[in-house]
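Contents: one structure, followed by commentary.
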Amino acid sequence: MIRSKSFSSRLFDIVNNVVMFLLAFSCLYPLWYAFCLSISDKSAANSGIVTFYPVGFSLASYKEIMGDIKFFNSFWISIQRTVLGTVITLLVLIMMAYPLAKSKLEFKPRNIIMWIILFCMVFNGGQIPWYITVKNYGLIDSIWGLVLSGSLPVFNLILMMNFFRSLPKDLEEAAVVDGAGPWRILFGIVVPCSVPVLATIVLFTGVYHWNEFFQGLVLTTGDAHYPLQTYIKQMVVNIQTTNLTKDQIMQMDKLSNKSLDAAKIFIAMIPMLVVYPFLQRYFVSGIMLGAVKE
Amino acid sequence: MKKRINVQFHYGLMVAPGLVWLLLFSIIPMVGIVMAFQDYNPGRGYWGSEWVGLENFEYLFSMSDARQVMINTLIIAVSKMVLNLIIPLAFALLLNEVRLVRYKKLIQTIVYLPHFLSWVILASIVLSIFGYRGVVNTIGGWFGAEGRIWMNSASFFRPLVIWSDVWKEFGYNAVIFLAALTGINPNLYEAAAIDGAGRWKSIWHITLPGLISTVVLLGVLGLGSVLNAGFDQIFNLYNPMVYSTGDILDTWVYRMGLWDLQFSLATTAGLLKSVVSFVLIVSSYIMAYKFADYRVF
Amino acid sequence: MKKNLILPLIAALLVSSFAGCGGGGASSTASSSTPAATSTPASSTAEASSPAEGEASGDDLAFRKFDEPVDVHIGMKVSPIDTTLPAGDSAEDNQYTRYLRDNYNINVIVDWTAAEGNDYNQKVSLAIASDSLPDGLVADDRTYMVSAAKSDMLYDITDLFQKYASSQVKGIMDSTGGRAYDHAGYNGRMVSLPHVSVTSDGVHNLNVRKDWLEQYGLEVPKTVDDVETIARTFMKEKPAGENTIGITGPSKSGLLYSNFLNSSDITHSYDPIFQAYDVYPGYWLDNGDGTVSYGSIDDNMKPALERLASWYAEGLIDPEMGTRDNSTEPVNAGYAGMWCGPWWSLGYGNGDAFVNDPTANWQAYPIFTDDGKWNVHMKTIGKTFCMISKKTSEDTAAAIIIMYNALVRDEATFDTSVAIGWYPLRVVAAAADEVDYTANELVKVLNGETEPEDYNDPLSIYKLLYQDVSKVRNVVPGYEPGRELNVSDFSMDNLGDFKRMYAQLIGSRPYASTTVDKAVYSVTYSLTETMEKRWSNLKKMEDEVMLKIITGQSDISAFDEFKTNWLSQGGQEILDEVKALL
């Protein structure tokens, strides 16, 4: 690209770089803020004087978390859920997307199935029938309830279909000539060629399962079964006491500890922080090929 | 001939697990839609409850509450849709002008970050930043501003919801634009430069037209989510003081069903939402196909 | 006047218990026996006729130990911030469940737990919606109980209750004049065990820092004008520095005033102010001429609201009103000068305020109208209910009633270092006049008119009276007859005792010692049929309008608009329904 080096152009560059810096800063700030709160002194955190740097350095919050069995239990549930959910979703989607990426001639019921899927994406019976159904399957408190009850992620299916469709046809045709069956073509040829879209879907599904809190609230019978986000929703966001009773008031004095809350939030963010930069290069191409927004 | 059938069969086998999944967790619970036409009595179940025809729909339309919720939903969702197109586009254009490649990459990586964090987490941070003893009031205090209770201000809540969502998603939404930008033929820029076109002119005449089809496509496809104003976000941020401006269809349906025991009314509202969304999605797909020659599936 | 009502009730109770357990409670029953028969529940008298048969009956049944363990499945609300449960214990296995297992062979099985408040209510809704109530479940609101009853999911305990409830429990039910039975019933059948709370839980006082009053030479407040003057002085002088709050306001989940559904235990509301204007928002009022009105749409609300709005605008009311997680926090931190609440909100409610500042001389006063009348709205029986599933066996249902009996009898003896909230299916029952009665008796003991031993009766419906009178002289060493008690007269050596005595002697002093000029009851304390559909929306509209007027986001004209909307969106229909209840 040829650069013009006029003054206005330089000024623009400077301003632009600063704007970019500020935007990036705004995206990092919440993370930094939570971190500062978490290593600040409890009273400083509660009084609101922590803004851009920690006040009264203290690791008390992290020490306290170390002894919080429920937190780590929830963390573990979330990890299980994320791993299982991602693997299963990925498998089901691969198998489903492949035939559906074919034309109506190659796979006759394709269009009917697509309409059913679209219909299911939009219509639902509401939260109560859904709960009753999952309960009848005996999946309350089960990791499988959390993994499966969210139903099929249609957006990801479409993403994968579109990717498969964009693969060169000659690859498959050559395999057919060699006498390969559909399963071998799918897992031997199509899948290895689809790393970007698979990585994208791993990321999307993993993020979904890690971040989901609502099912954890409804499909469990107590905090021993909460995934991490539900735990945080309960412990940090939700401590709103409806009309206080005498008993409650008597326990209230230890109520607020922003530093501890921030430490929990910070720990809950870590897995995302670690994972997404690595998958970043894949999902750019993955999204492009899907080119559909959620 | 025999082989042909065989392949069809295997394709069917491949699709089966997904279909079973749909059947078990989407289609079977749909039986519950009958509640919309009943005065649902959980003791009697779906088939024993009294059928009331369209009474729930009539009542729903007569509620001033429901109207307000609808208005909130539309305002929030449409604002988000529009801003989530414009802001990422502007960001992508600006980022594209950054010359230091490493700086550019770094910025790009950082701005994706909020997209991957849950609303549970971001809400707790937003609540604490805008809390009475939060950063905003503390910094305001340095300049002599009086502390405000931001989260309880009905007039502040909508902008907060809209802009915090734009903030969360702008980096991620810019991905498509950035990718489209790389697809623009560099020769065009060179040719323009030779013709003496400055930076602004190249952006205006080359970059923007190169992106316009993507923008239109995304806009059309976004139509389907006109009634999705963001349950997770609002559920984690709102409180009764801001129901008047911040309560949306999904949160309202949730409270109707799971707090107020108005099962039938909640189902009715949910069903209406589904019908409208379905019509919108189907028409947006058709539009995308007709005007942008884009096949969604 | 009150005592006239009380004595026959005690007598009734003592006699019925005497009859029931064949002499077990004989120690102090000699004093009265004749008025008993009239108000004793029918079944007790029936049992009284055959006490010698050796067959289990009355209080033997009420505290029966099952031969075989009886399983009781429950859903349990837990406090996410509770730290009192010892390591290794759980909702299912703690000192309370062990007590039930050891003494009654009742085996509590916790099917699910949820954090108290919205999450718990959500689980209760789901349990009702999916027709999967556990054997016993506490409903935090009558709506849930009625909804379950309407869906025919609840056990009809009408007869079972007469058979298994202890004489003490029945005495408490009767202390409400029978209203408790209606309250716990649906269509004339008893379907739940009600929370019965003391009347004064619904009587709101103004709590004031008297040491601050004295510091600025202010008189004890009597009228709304006095309150304003005091708040203005506090805000001008700022005795607690920049954080000083004149009058606190409701927390973010709190209420501006109690209402017919939440008519007790509301703190940091403005009930005393409204009552001093002779308005009763949230209450269904009997106009005395066969018509009913709704207090919140009374035009006299306007001056009261305008007064509160002017206070808010002037900064006399906590600017953080409606946004705090907990409005008691500023009180405990020593920032607040005044706040409103029922008797227990002083002492029990703000115990830490005294720990943090032992000179904080909080006093409770009634606020009168300008012509010196004390208007008081009266509460409902209680808020929560223990629902028993219809699918439950008779033994299990009986076990749940026994758990209720046991809680009523033994709550005072539990070691409450483990929060009493862990008692499964905890629904509290106390005699309706317990607090004011106790307050007056405590004063008698302090004055030396009576001796603690006079109160030694283990089956009294005043469950804690004997314990209280035995302690009072130690807790209030500085007592002098004829002078208002101050915080400095109390000993804080045992904080628990201090809080309780402070609440009883100071918090409940207004109601125990002041004549109520006008006691206002709501025509109903539960939802009518139309309300079941429309109330949540009307209520929401009301809450928003009132809050906006007070915080100045809307001006007073919004009130008229609200009134019109309220009437047109179902309010009129509901008024007609409530009228039919007269």
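Identifiers in the structure tokens: chain A, B, ... in order shown; residue index from 1 per chain; ligand index from 1 in order shown.
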Q.
What's around segment 219-229 of chain A at 6 Å? Count only C-alpha atoms, leave out sequence neighbours fewer than 6 positions away in its own chain, and write the answer as a list in words.
A.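 After dropping sequence-adjacent residues, the list is Ser74, Phe75, Ile77, Ser78, Ile140, Asp141 and Phe213 of chain A; Trp112, Thr113 and Ala114 of chain C.
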Those selected residues, please, written with N, CA and C atoms and delivered as a tab-separated table (two decimals), in the first residue's frame.
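Result went into out.tsv, see below:
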```
chain	number	residue	atom	x	y	z
A	74	SER	N	-17.69	-26.61	42.02
A	74	SER	CA	-18.37	-26.00	40.88
A	74	SER	C	-17.42	-25.87	39.70
A	75	PHE	N	-16.22	-25.50	39.99
A	75	PHE	CA	-15.20	-25.36	38.95
A	75	PHE	C	-15.03	-26.69	38.21
A	77	ILE	N	-17.18	-29.19	38.08
A	77	ILE	CA	-18.39	-29.50	37.31
A	77	ILE	C	-18.36	-28.76	35.98
A	78	SER	N	-17.96	-27.51	36.03
A	78	SER	CA	-17.91	-26.73	34.79
A	78	SER	C	-16.91	-27.32	33.81
A	140	ILE	N	-31.99	-34.51	36.35
A	140	ILE	CA	-31.75	-33.47	37.34
A	140	ILE	C	-30.48	-33.82	38.11
A	141	ASP	N	-29.63	-32.85	38.33
A	141	ASP	CA	-28.37	-33.04	39.05
A	141	ASP	C	-27.35	-33.86	38.27
A	213	PHE	N	-25.32	-20.31	32.76
A	213	PHE	CA	-25.64	-20.34	34.19
A	213	PHE	C	-27.06	-20.75	34.49
C	112	TRP	N	-34.05	-31.17	47.72
C	112	TRP	CA	-33.30	-30.10	47.05
C	112	TRP	C	-33.13	-28.91	47.97
C	113	THR	N	-32.14	-28.10	47.66
C	113	THR	CA	-31.95	-26.86	48.39
C	113	THR	C	-31.88	-25.71	47.39
C	114	ALA	N	-32.20	-24.54	47.84
C	114	ALA	CA	-32.06	-23.35	46.99
C	114	ALA	C	-31.83	-22.16	47.90
```
**Q.** Interface residues on chain C facing chain B, 10 Å, only C-alpha atoms, written as a PyMOL selection string
**A.** chain C and resi 118-132+143-144+147-154+252-253+319-324+532-538+540-541+543-544+547-548+553+565+569-570
Q: Go ahead and compute the interatomic distance for atom CA of Ala90 of chain B and atom CA of Ala174 of chain B, in Å to one decimal.
A: 8.7 Å
Q. Val154 of chain A: which residues within 10 Å, counting only C-alpha atoms, same-chain residues fewer than 2 positions away excluded, as a ChimeraX atom specification?
A. /A:93,114,117-118,120-121,151-152,156-160,294
Contacts of segment 126-139 of chain A at 6 Å (only C-alpha atoms; same-chain gap of 4+ positions) as a PDB file with N, CA and C atoms, in the first residue's frame:
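Written out: part_33.pdb:
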```
ATOM      1  N   GLY A 145     -27.610 -33.781  32.116  1.00  0.00           N
ATOM      2  CA  GLY A 145     -28.656 -32.771  31.991  1.00  0.00           C
ATOM      3  C   GLY A 145     -28.071 -31.464  31.497  1.00  0.00           C
TER       4      GLY A 145
ATOM      5  N   PRO B  29     -40.717 -31.311  24.598  1.00  0.00           N
ATOM      6  CA  PRO B  29     -41.211 -30.240  25.472  1.00  0.00           C
ATOM      7  C   PRO B  29     -42.201 -29.307  24.779  1.00  0.00           C
ATOM      8  N   GLY B  32     -45.864 -28.609  25.639  1.00  0.00           N
ATOM      9  CA  GLY B  32     -46.248 -27.568  26.603  1.00  0.00           C
ATOM     10  C   GLY B  32     -46.898 -26.361  25.972  1.00  0.00           C
ATOM     11  N   THR B 267     -46.495 -18.972  28.782  1.00  0.00           N
ATOM     12  CA  THR B 267     -46.415 -19.768  27.561  1.00  0.00           C
ATOM     13  C   THR B 267     -46.985 -18.999  26.372  1.00  0.00           C
TER      14      THR B 267
ATOM     15  N   SER C 130     -44.584 -28.772  38.080  1.00  0.00           N
ATOM     16  CA  SER C 130     -44.341 -30.129  37.599  1.00  0.00           C
ATOM     17  C   SER C 130     -45.007 -31.156  38.502  1.00  0.00           C
TER      18      SER C 130
END
```
Q: Record the distance separating atom CA of Asp370 of chain C and atom CA of Ile506 of chain C, expressed in Å with one decimal.
A: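 Here the two named atoms are 23.8 Å from each other.
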Please identify all polymer residues within 9 Å of Ile109 of chain C, counting only C-alpha atoms, omitting same-chain residues fewer than 2 positions from it, and present them as an mmCIF file with N, CA and C atoms, in the first residue's frame.
```cif
data_model
loop_
_atom_site.group_PDB
_atom_site.id
_atom_site.type_symbol
_atom_site.label_atom_id
_atom_site.label_comp_id
_atom_site.auth_asym_id
_atom_site.auth_seq_id
_atom_site.Cartn_x
_atom_site.Cartn_y
_atom_site.Cartn_z
ATOM 1 N N ASP C 71 -39.811 -41.349 57.010
ATOM 2 C CA ASP C 71 -39.058 -40.454 56.120
ATOM 3 C C ASP C 71 -39.907 -39.250 55.741
ATOM 4 N N VAL C 72 -39.302 -38.072 55.824
ATOM 5 C CA VAL C 72 -39.988 -36.868 55.366
ATOM 6 C C VAL C 72 -39.101 -36.205 54.316
ATOM 7 N N HIS C 73 -39.586 -36.185 53.083
ATOM 8 C CA HIS C 73 -38.831 -35.515 52.021
ATOM 9 C C HIS C 73 -39.200 -34.036 51.991
ATOM 10 N N ILE C 74 -38.185 -33.205 51.930
ATOM 11 C CA ILE C 74 -38.481 -31.776 51.926
ATOM 12 C C ILE C 74 -37.611 -31.039 50.902
ATOM 13 N N GLY C 75 -38.051 -29.845 50.562
ATOM 14 C CA GLY C 75 -37.201 -28.896 49.846
ATOM 15 C C GLY C 75 -36.794 -27.859 50.877
ATOM 16 N N ALA C 91 -27.562 -29.767 55.246
ATOM 17 C CA ALA C 91 -28.988 -29.467 55.394
ATOM 18 C C ALA C 91 -29.719 -30.706 55.895
ATOM 19 N N GLU C 92 -29.181 -31.875 55.546
ATOM 20 C CA GLU C 92 -29.870 -33.114 55.871
ATOM 21 C C GLU C 92 -29.401 -33.707 57.202
ATOM 22 N N ASP C 93 -28.255 -33.285 57.626
ATOM 23 C CA ASP C 93 -27.706 -33.865 58.838
ATOM 24 C C ASP C 93 -27.094 -32.762 59.695
ATOM 25 N N ASN C 107 -37.117 -38.980 60.019
ATOM 26 C CA ASN C 107 -35.910 -38.988 59.206
ATOM 27 C C ASN C 107 -36.069 -37.963 58.080
ATOM 28 N N ASP C 111 -34.631 -33.199 49.499
ATOM 29 C CA ASP C 111 -34.628 -33.466 48.057
ATOM 30 C C ASP C 111 -33.879 -32.395 47.296
#
```
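Between atom CA of Lys104 of chain A and atom CA of Val220 of chain B there is a distance of 25.4 Å.
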Q: Pick out the closest residue to chain A from this set: B:Leu60, B:Val215, B:Ala266, B:Val52. Count only C-alpha atoms.
A: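 Looking at the shortest contact to chain A, the residue is B:Ala266.
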Q: May I ask which of the residues A:Ile201, A:Leu217, A:Met95, A:Ile112 is the closest one to chain C, counting only C-alpha atoms?
A: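 Nearest candidate to chain C out of A:Ile201, A:Leu217, A:Met95, A:Ile112: A:Leu217.
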Q: Run DSSP on the backbone and give me the residues of segment 30-258 of chain B it puts in alpha helix (DSSP H), as a PyMOL selection string.
A: chain B and resi 45-48+55-62+64-96+101-112+119-129+135-142+154-182+186-194+199-202+208-222+231-237+243-246+249-258
(Q) Let me make sure I understand: among B:Ile212, B:Ala16, B:Leu94, B:Met35, which one has the smallest atom-to-atom distance to Arg199 of chain B if we use only C-alpha atoms? (A)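 Checking each candidate against Arg199 of chain B, we get B:Leu94 as the closest.
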Q. Could you name the residues that touch Gly18 of chain B at 10 Å or less, counting only C-alpha atoms, but leaving out those on the same chain fewer than 2 positions away, as a ChimeraX atom specification?
A. /A:89,91-97,117,151-153 /B:13-16,20-24
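Between chain A and the residues C:Tyr96, C:Phe63, C:Tyr216, C:Tyr257, the shortest atom-to-atom distance, using only C-alpha atoms, involves C:Tyr257.
Minimum atom-to-atom distances from B:Ile248, B:Val69, B:Val135, B:Val34 to chain A were compared using only C-alpha atoms, and the lowest value belongs to B:Val135.
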Mind checking which residues fall within 12 Å of Ile206 of chain B, counting only C-alpha atoms, ignoring those fewer than 2 positions away in the same chain, and posting them as an mmCIF file with N, CA and C atoms, in the first residue's frame?
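Full text of out.cif as output:
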```
data_model
loop_
_atom_site.group_PDB
_atom_site.id
_atom_site.type_symbol
_atom_site.label_atom_id
_atom_site.label_comp_id
_atom_site.auth_asym_id
_atom_site.auth_seq_id
_atom_site.Cartn_x
_atom_site.Cartn_y
_atom_site.Cartn_z
ATOM 1 N N LEU B 93 -12.684 -0.447 10.055
ATOM 2 C CA LEU B 93 -12.057 0.504 9.134
ATOM 3 C C LEU B 93 -10.879 1.203 9.797
ATOM 4 N N LEU B 181 -12.145 -7.239 4.616
ATOM 5 C CA LEU B 181 -11.174 -6.224 4.179
ATOM 6 C C LEU B 181 -9.955 -6.864 3.517
ATOM 7 N N GLY B 183 -9.962 -9.310 1.872
ATOM 8 C CA GLY B 183 -10.354 -9.842 0.574
ATOM 9 C C GLY B 183 -10.394 -8.791 -0.531
ATOM 10 N N ILE B 184 -10.226 -7.536 -0.150
ATOM 11 C CA ILE B 184 -10.264 -6.494 -1.185
ATOM 12 C C ILE B 184 -8.923 -6.464 -1.911
ATOM 13 N N ASN B 185 -9.011 -6.442 -3.184
ATOM 14 C CA ASN B 185 -7.808 -6.520 -4.010
ATOM 15 C C ASN B 185 -6.878 -5.324 -3.774
ATOM 16 N N PRO B 186 -5.633 -5.566 -3.297
ATOM 17 C CA PRO B 186 -4.710 -4.457 -2.985
ATOM 18 C C PRO B 186 -4.403 -3.604 -4.225
ATOM 19 N N ASN B 187 -4.520 -4.196 -5.401
ATOM 20 C CA ASN B 187 -4.238 -3.427 -6.612
ATOM 21 C C ASN B 187 -5.136 -2.210 -6.739
ATOM 22 N N LEU B 188 -6.365 -2.375 -6.223
ATOM 23 C CA LEU B 188 -7.305 -1.265 -6.304
ATOM 24 C C LEU B 188 -6.746 -0.042 -5.595
ATOM 25 N N TYR B 189 -6.147 -0.283 -4.414
ATOM 26 C CA TYR B 189 -5.605 0.835 -3.635
ATOM 27 C C TYR B 189 -4.445 1.486 -4.385
ATOM 28 N N GLU B 190 -3.605 0.627 -4.941
ATOM 29 C CA GLU B 190 -2.455 1.165 -5.670
ATOM 30 C C GLU B 190 -2.914 2.027 -6.829
ATOM 31 N N ALA B 191 -3.896 1.498 -7.556
ATOM 32 C CA ALA B 191 -4.414 2.249 -8.697
ATOM 33 C C ALA B 191 -4.962 3.591 -8.235
ATOM 34 N N ALA B 192 -5.681 3.569 -7.109
ATOM 35 C CA ALA B 192 -6.270 4.796 -6.592
ATOM 36 C C ALA B 192 -5.181 5.790 -6.223
ATOM 37 N N ALA B 193 -4.112 5.265 -5.610
ATOM 38 C CA ALA B 193 -3.033 6.149 -5.188
ATOM 39 C C ALA B 193 -2.368 6.809 -6.401
ATOM 40 N N ALA B 197 -5.665 9.658 -5.320
ATOM 41 C CA ALA B 197 -6.689 9.601 -4.279
ATOM 42 C C ALA B 197 -6.020 9.528 -2.904
ATOM 43 N N GLY B 198 -6.496 10.330 -1.960
ATOM 44 C CA GLY B 198 -5.960 10.304 -0.592
ATOM 45 C C GLY B 198 -6.566 9.148 0.180
ATOM 46 N N ARG B 199 -6.219 9.150 1.446
ATOM 47 C CA ARG B 199 -6.674 8.065 2.294
ATOM 48 C C ARG B 199 -8.189 8.002 2.403
ATOM 49 N N TRP B 200 -8.770 9.194 2.609
ATOM 50 C CA TRP B 200 -10.229 9.223 2.791
ATOM 51 C C TRP B 200 -10.923 8.734 1.550
ATOM 52 N N LYS B 201 -10.402 9.175 0.425
ATOM 53 C CA LYS B 201 -11.060 8.785 -0.828
ATOM 54 C C LYS B 201 -10.976 7.277 -1.026
ATOM 55 N N SER B 202 -9.813 6.687 -0.701
ATOM 56 C CA SER B 202 -9.713 5.229 -0.873
ATOM 57 C C SER B 202 -10.703 4.516 0.039
ATOM 58 N N ILE B 203 -10.814 5.010 1.265
ATOM 59 C CA ILE B 203 -11.758 4.356 2.168
ATOM 60 C C ILE B 203 -13.166 4.464 1.598
ATOM 61 N N TRP B 204 -13.478 5.664 1.159
ATOM 62 C CA TRP B 204 -14.841 5.931 0.707
ATOM 63 C C TRP B 204 -15.182 5.178 -0.575
ATOM 64 N N LEU B 208 -15.222 0.889 1.617
ATOM 65 C CA LEU B 208 -16.636 0.775 1.971
ATOM 66 C C LEU B 208 -17.443 -0.038 0.957
ATOM 67 N N PRO B 209 -17.332 0.274 -0.310
ATOM 68 C CA PRO B 209 -18.091 -0.550 -1.262
ATOM 69 C C PRO B 209 -17.731 -2.018 -1.164
ATOM 70 N N GLY B 210 -16.465 -2.302 -0.812
ATOM 71 C CA GLY B 210 -16.050 -3.693 -0.689
ATOM 72 C C GLY B 210 -16.732 -4.401 0.473
ATOM 73 N N LEU B 211 -17.216 -3.592 1.427
ATOM 74 C CA LEU B 211 -17.821 -4.202 2.615
ATOM 75 C C LEU B 211 -19.338 -4.194 2.570
ATOM 76 N N ILE B 212 -19.882 -3.418 1.632
ATOM 77 C CA ILE B 212 -21.310 -3.131 1.730
ATOM 78 C C ILE B 212 -22.170 -4.378 1.647
#
```
